[in-house]
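Structure, as structure tokens:
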Amino acid sequence: MTTEIPAGLAARVAEHIDEERLVRLVQEVCRIPSILGEEGPLANYLANVMRESGFAGVNLQPVLGDRPNAIGHLDFGTGEGPNVVLTGHMDTKPVSHGWEVSEPFSGDLIDGSIYGHGIMDMKAALVCQIIAMEALRASGIELNGRVSFAAVSDHMGDQTGAIEYFKEHPGDLCVLGELSDNEIFLGHRGRYYYDIIVRGISAHTCHKPLAVNANMLAAHAIIELDQSKLEPQLEEWVTDLFGPETYMAPGRVYGGLPPGGPSMIPDECVIRVDCRPQPGVSLEEVREEIDRCLARAKEREPRFEAEVVLADVKSGYLAEPEARVTSLMIEAVRDVRGEEPELQVAGWLGDTASFGGDIPTIIFGPGGEPVYCPDEHLSIEDIVEATKVYAAFAALALSPED
């Protein structure tokens, strides 16, 4: 599907982007720590920004204790058109060591870039979305429908914030502001966690001949799992985007007593297998590969026995290249940048794992790899461009059709 933007629409909206306010708010959110589990202060701040700006439906949606979502919306025309959702997460990973140019929560503006922990993932995008909505309102362009904003918590936990938001607030189209280096991402890989529970026979270290060390048994499985190379049958265009391999690795191993415990050869060791499948790879395919690896481990060590437990499932996501949400974003980026955008995908996991099956979503946001490194920063240029694209996308989606 091809949709034409009315002549000059993106530029007309861009004229109303308050760049000074945009920069100031990005600096301010960088100064509010929101490490996973501590999203409350940032949620309150964003809700206050929306209230003072005159957004409707501003609310701190309950999610997990004092970790709410910050939500609000703007209606245009009769409000009977589509509901476009601009969303992203507030939580970040812990602070990295080694900051030198600036401090993690300074929000310093240095040589045209703003420094701050989590600015790329994805504090800046949240502000860009709010400012884009304000510009759309200020433009006075004839539009019809609603633009909703949802800053969600717990993305790096169980994606509870996104799940709760879309459970209560369905939409028609969505833009997830995850870091894509201001390129269009159609989707991302999923994440399957399997726990492999390996059991041996415990004994005091002085009685080693009586024991079967579970850690030793697990080592055989770790070797086989690490050498795994699963290449499932997928549609050619999916393989072209993601590559042929479903990545799988023994990502965490724990066995034996905790530090300070008595001497004892462990009778249990648990291997957490971290699998990152392309969209369309089934649990059954992954489990078959794990079983194959464990069978090889038993060939290496006949005493090897294990139980396999599916610990968590987060699906991959992939928008169709011809979908309306994709066409709208292509047109928006083309109109803002003046060149044809390339369609890409991500290896990381987005909240679309939990809601992408219910609402057509495209991923676009400022910032790119590497992320969560010392002196994390974003250029003002990239922040402004992302805001223009969000505004153009929403304007196009809400423009009355001929």
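Order determines the names: the first chain of the structure tokens is A, the second B, and so forth; residues in each chain are numbered 1 upward, and ligands are numbered 1 upward as they are shown.
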Requested in this report: Find the spatial neighbours of Pro244 of chain A, counting only C-alpha atoms, within a cut-off of 8 Å - ignore same-chain residues fewer than 4 positions away - and output them as a list of chain:residue names.
Outcome: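 In the requested form, the answer reads A:Glu231, A:Pro232, A:Thr239, A:Asp240.
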Please tabulate, as CSV, the residues of segment 137-218 of chain A that come within 10 Å of segment 54-59 of chain A, each with its closest pair of atoms and the distance in Å to one decimal, counting only C-alpha atoms and ordering rows by chain, then residue number upward.
```
residue,atom,partner,partner_atom,distance
A:Ser148,CA,A:Gly57,CA,9.3
A:Phe149,CA,A:Val58,CA,9.3
A:Ala150,CA,A:Asn59,CA,9.9
```
Based on the selection just made, write all heavy atoms of those residues as an mmCIF file, in the first residue's frame.
```cif
data_model
loop_
_atom_site.group_PDB
_atom_site.id
_atom_site.type_symbol
_atom_site.label_atom_id
_atom_site.label_comp_id
_atom_site.auth_asym_id
_atom_site.auth_seq_id
_atom_site.Cartn_x
_atom_site.Cartn_y
_atom_site.Cartn_z
ATOM 1 N N SER A 148 -2.184 8.988 21.180
ATOM 2 C CA SER A 148 -2.011 8.602 22.582
ATOM 3 C C SER A 148 -0.532 8.412 22.889
ATOM 4 O O SER A 148 0.250 7.999 22.024
ATOM 5 C CB SER A 148 -2.765 7.308 22.888
ATOM 6 O OG SER A 148 -4.154 7.468 22.675
ATOM 7 N N PHE A 149 -0.194 8.704 24.139
ATOM 8 C CA PHE A 149 1.181 8.535 24.598
ATOM 9 C C PHE A 149 1.192 7.597 25.795
ATOM 10 O O PHE A 149 0.374 7.741 26.712
ATOM 11 C CB PHE A 149 1.775 9.887 25.000
ATOM 12 C CG PHE A 149 3.126 9.783 25.669
ATOM 13 C CD1 PHE A 149 4.276 9.586 24.922
ATOM 14 C CD2 PHE A 149 3.247 9.886 27.052
ATOM 15 C CE1 PHE A 149 5.521 9.494 25.537
ATOM 16 C CE2 PHE A 149 4.486 9.795 27.675
ATOM 17 C CZ PHE A 149 5.625 9.594 26.910
ATOM 18 N N ALA A 150 2.130 6.645 25.783
ATOM 19 C CA ALA A 150 2.239 5.695 26.891
ATOM 20 C C ALA A 150 3.706 5.441 27.207
ATOM 21 O O ALA A 150 4.417 4.787 26.432
ATOM 22 C CB ALA A 150 1.544 4.383 26.547
#
```
Report task. Take atom CA of Asp75 of chain A and atom CA of Arg21 of chain A and report the distance between them in Å, one decimal. Result ->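 Atom-to-atom, atom CA of Asp75 of chain A to atom CA of Arg21 of chain A, that is 21.9 Å.
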Query - All strand (DSSP E) positions in segment 145-235 of chain A, as a count of residues only - result: 26
Report task. From a DSSP pass on the backbone, collect the residues of segment 189-258 of chain A flagged as alpha helix (DSSP H) and hand them back as a PyMOL selection string. Result -> chain A and resi 214-226+236-242
Please, could you write that set of residues out with all heavy atoms as a compact mmCIF listing (two decimals), in the first residue's frame?
```txt
# COMPACT_ATOMS: atom_id res chain seq x y z
N ALA A 214 27.37 -32.52 39.85
CA ALA A 214 26.40 -32.01 38.87
C ALA A 214 27.01 -30.93 37.98
O ALA A 214 26.66 -30.81 36.81
CB ALA A 214 25.17 -31.46 39.60
N ASN A 215 27.95 -30.16 38.54
CA ASN A 215 28.60 -29.14 37.71
C ASN A 215 29.43 -29.77 36.60
O ASN A 215 29.48 -29.25 35.47
CB ASN A 215 29.51 -28.26 38.58
CG ASN A 215 28.73 -27.34 39.51
OD1 ASN A 215 27.51 -27.22 39.38
ND2 ASN A 215 29.43 -26.71 40.43
N MET A 216 30.08 -30.89 36.92
CA MET A 216 30.85 -31.59 35.90
C MET A 216 29.93 -32.13 34.81
O MET A 216 30.22 -32.02 33.61
CB MET A 216 31.64 -32.73 36.56
CG MET A 216 32.43 -33.61 35.61
SD MET A 216 31.43 -34.97 34.86
CE MET A 216 31.00 -35.93 36.33
N LEU A 217 28.81 -32.72 35.22
CA LEU A 217 27.85 -33.23 34.23
C LEU A 217 27.34 -32.10 33.35
O LEU A 217 27.22 -32.23 32.12
CB LEU A 217 26.68 -33.91 34.93
CG LEU A 217 27.00 -35.14 35.78
CD1 LEU A 217 25.72 -35.63 36.46
CD2 LEU A 217 27.60 -36.25 34.93
N ALA A 218 27.03 -30.96 33.97
CA ALA A 218 26.50 -29.82 33.21
C ALA A 218 27.51 -29.29 32.21
O ALA A 218 27.13 -28.78 31.14
CB ALA A 218 26.08 -28.71 34.18
N ALA A 219 28.79 -29.42 32.53
CA ALA A 219 29.81 -28.91 31.62
C ALA A 219 29.72 -29.56 30.25
O ALA A 219 29.95 -28.91 29.22
CB ALA A 219 31.20 -29.12 32.22
N HIS A 220 29.37 -30.83 30.22
CA HIS A 220 29.23 -31.51 28.93
C HIS A 220 28.09 -30.90 28.13
O HIS A 220 28.20 -30.72 26.90
CB HIS A 220 29.00 -33.01 29.15
CG HIS A 220 30.17 -33.72 29.75
ND1 HIS A 220 31.29 -34.06 29.02
CD2 HIS A 220 30.42 -34.15 31.02
CE1 HIS A 220 32.17 -34.68 29.79
NE2 HIS A 220 31.66 -34.74 31.02
N ALA A 221 26.98 -30.59 28.80
CA ALA A 221 25.85 -29.97 28.10
C ALA A 221 26.21 -28.56 27.64
O ALA A 221 25.82 -28.14 26.54
CB ALA A 221 24.63 -29.93 29.03
N ILE A 222 26.95 -27.83 28.47
CA ILE A 222 27.34 -26.46 28.11
C ILE A 222 28.15 -26.45 26.82
O ILE A 222 27.93 -25.62 25.93
CB ILE A 222 28.12 -25.81 29.26
CG1 ILE A 222 27.19 -25.55 30.45
CG2 ILE A 222 28.79 -24.51 28.81
CD1 ILE A 222 27.91 -25.16 31.72
N ILE A 223 29.07 -27.39 26.70
CA ILE A 223 29.90 -27.47 25.49
C ILE A 223 29.03 -27.71 24.26
O ILE A 223 29.19 -27.05 23.23
CB ILE A 223 30.96 -28.57 25.63
CG1 ILE A 223 31.99 -28.16 26.69
CG2 ILE A 223 31.63 -28.87 24.29
CD1 ILE A 223 32.94 -29.28 27.08
N GLU A 224 28.10 -28.65 24.37
CA GLU A 224 27.24 -28.97 23.22
C GLU A 224 26.30 -27.82 22.88
O GLU A 224 26.07 -27.51 21.71
CB GLU A 224 26.45 -30.25 23.50
CG GLU A 224 27.29 -31.50 23.67
CD GLU A 224 28.07 -31.85 22.41
OE1 GLU A 224 27.64 -31.44 21.31
OE2 GLU A 224 29.12 -32.51 22.55
N LEU A 225 25.73 -27.19 23.91
CA LEU A 225 24.81 -26.08 23.67
C LEU A 225 25.53 -24.90 23.03
O LEU A 225 24.99 -24.23 22.15
CB LEU A 225 24.16 -25.64 24.98
CG LEU A 225 23.15 -26.62 25.59
CD1 LEU A 225 22.89 -26.28 27.05
CD2 LEU A 225 21.85 -26.61 24.79
N ASP A 226 26.75 -24.65 23.47
CA ASP A 226 27.50 -23.53 22.92
C ASP A 226 27.88 -23.77 21.45
O ASP A 226 28.05 -22.81 20.69
CB ASP A 226 28.77 -23.29 23.75
CG ASP A 226 29.45 -22.00 23.39
OD1 ASP A 226 28.84 -20.93 23.60
OD2 ASP A 226 30.60 -22.03 22.89
N GLU A 236 12.15 -16.66 2.84
CA GLU A 236 13.43 -16.11 2.39
C GLU A 236 13.61 -14.66 2.85
O GLU A 236 14.71 -14.27 3.27
CB GLU A 236 13.53 -16.19 0.87
CG GLU A 236 14.87 -15.73 0.32
CD GLU A 236 14.99 -15.92 -1.18
OE1 GLU A 236 14.07 -16.54 -1.77
OE2 GLU A 236 15.99 -15.44 -1.75
N TRP A 237 12.54 -13.87 2.82
CA TRP A 237 12.68 -12.45 3.19
C TRP A 237 12.96 -12.29 4.68
O TRP A 237 13.66 -11.35 5.09
CB TRP A 237 11.45 -11.64 2.76
CG TRP A 237 10.19 -11.90 3.56
CD1 TRP A 237 9.33 -12.93 3.40
CD2 TRP A 237 9.67 -11.09 4.62
NE1 TRP A 237 8.29 -12.83 4.30
CE2 TRP A 237 8.47 -11.71 5.04
CE3 TRP A 237 10.08 -9.91 5.23
CZ2 TRP A 237 7.69 -11.18 6.08
CZ3 TRP A 237 9.31 -9.39 6.25
CH2 TRP A 237 8.13 -10.02 6.66
N VAL A 238 12.46 -13.25 5.49
CA VAL A 238 12.75 -13.21 6.92
C VAL A 238 14.21 -13.55 7.17
O VAL A 238 14.90 -12.89 7.96
CB VAL A 238 11.83 -14.17 7.68
CG1 VAL A 238 12.16 -14.18 9.17
CG2 VAL A 238 10.36 -13.78 7.49
N THR A 239 14.71 -14.57 6.48
CA THR A 239 16.12 -14.94 6.60
C THR A 239 17.03 -13.81 6.12
O THR A 239 18.08 -13.54 6.72
CB THR A 239 16.40 -16.22 5.80
OG1 THR A 239 15.60 -17.29 6.31
CG2 THR A 239 17.86 -16.62 5.91
N ASP A 240 16.62 -13.14 5.06
CA ASP A 240 17.42 -12.03 4.54
C ASP A 240 17.55 -10.92 5.58
O ASP A 240 18.61 -10.28 5.69
CB ASP A 240 16.80 -11.46 3.26
CG ASP A 240 16.94 -12.41 2.08
OD1 ASP A 240 17.78 -13.33 2.15
OD2 ASP A 240 16.19 -12.24 1.10
N LEU A 241 16.50 -10.69 6.35
CA LEU A 241 16.51 -9.64 7.36
C LEU A 241 17.30 -10.03 8.60
O LEU A 241 18.10 -9.24 9.12
CB LEU A 241 15.08 -9.27 7.77
CG LEU A 241 14.27 -8.42 6.79
CD1 LEU A 241 12.80 -8.39 7.21
CD2 LEU A 241 14.82 -7.00 6.71
N PHE A 242 17.07 -11.25 9.10
CA PHE A 242 17.62 -11.65 10.39
C PHE A 242 18.86 -12.52 10.31
O PHE A 242 19.57 -12.68 11.30
CB PHE A 242 16.56 -12.41 11.19
CG PHE A 242 15.46 -11.56 11.73
CD1 PHE A 242 14.27 -11.41 11.04
CD2 PHE A 242 15.60 -10.89 12.93
CE1 PHE A 242 13.24 -10.63 11.53
CE2 PHE A 242 14.57 -10.10 13.44
CZ PHE A 242 13.39 -9.97 12.74
```
Report task. Can you pull out every residue within 12 Å of Glu38 of chain A, counting only C-alpha atoms, but drop anything in the same chain fewer than 5 positions away, and send it as number ranges by chain? Result -> A: 32-33, 43-44, 64-69, 90-94, 153-154, 156-157
Query raised in the report: So which residues touch Val345 of chain A within 10 Å, counting only C-alpha atoms, skipping near sequence neighbours fewer than 4 positions away, as a list of chain:residue names?
Result: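 Close residues of Val345 of chain A: A:Ser180, A:Glu183, A:Ile184, A:Phe185, A:Leu186, A:Gly187, A:His188, A:Arg189, A:Val238, A:Leu241, A:Phe242, A:Tyr317, A:Leu318, A:Ala319, A:Ile363.
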What does the file look like for those residues with C-alpha atoms, as a short mmCIF file (atom, residue, chain, number, x, y, z; two decimals), in the first residue's frame?
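Final output, part.cif:
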```cif
data_model
loop_
_atom_site.label_atom_id
_atom_site.label_comp_id
_atom_site.auth_asym_id
_atom_site.auth_seq_id
_atom_site.Cartn_x
_atom_site.Cartn_y
_atom_site.Cartn_z
CA SER A 180 16.89 2.22 15.83
CA GLU A 183 16.00 3.98 10.86
CA ILE A 184 12.84 1.93 10.35
CA PHE A 185 12.86 -1.41 12.15
CA LEU A 186 10.18 -3.86 11.12
CA GLY A 187 10.68 -6.02 14.20
CA HIS A 188 13.03 -7.99 16.37
CA ARG A 189 13.97 -11.48 17.49
CA VAL A 238 12.75 -13.21 6.92
CA LEU A 241 16.51 -9.64 7.36
CA PHE A 242 17.62 -11.65 10.39
CA TYR A 317 7.81 -9.43 16.12
CA LEU A 318 7.80 -8.57 12.44
CA ALA A 319 5.63 -6.08 10.59
CA ILE A 363 9.86 0.67 15.53
#
```
Query - Contacts of Tyr165 of chain A within 12 Å, only C-alpha atoms, excl. fewer than 2 positions in-chain, as a PyMOL selection string - result: chain A and resi 59-63+68-72+85-89+148-154+159-163+167-171+351+354-355
Query raised in the report: Rounded to one decimal in Å, what is the spacing between atom CA of Glu142 of chain A and atom CA of Ser327 of chain A?
Result: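 Between atom CA of Glu142 of chain A and atom CA of Ser327 of chain A the gap works out to 20.9 Å.
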Report task. Skip segment 194-197 of chain A itself and residues of its chain fewer than 3 positions away, then list as an NGL selection string all residues within 10 Å of it, counting only C-alpha atoms. Result -> :A and (191 or 214 or 218 or 221 or 250 or 252-255 or 268-275 or 286-287 or 290 or 294 or 305-313)
Report summary line: Counting only C-alpha atoms, the residue among A:Arg24, A:Arg146, A:His16, A:Arg199 that lies closest to Val127 of chain A is A:Arg24
Requested in this report: Quick one: pull the distance between atom CA of Leu176 of chain A and atom CA of Thr352 of chain A, Å, one decimal.
Outcome: 7.8 Å
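When only C-alpha atoms are used to measure the gap to Val389 of chain A, the shortest distance among A:Gly107, A:Gly261, A:Gly177, A:Gly357 belongs to A:Gly177.
Minimum distance to Gly316 of chain A across A:Tyr247, A:Tyr192, A:Tyr390, A:Phe166 (counting only C-alpha atoms) occurs at A:Tyr192.
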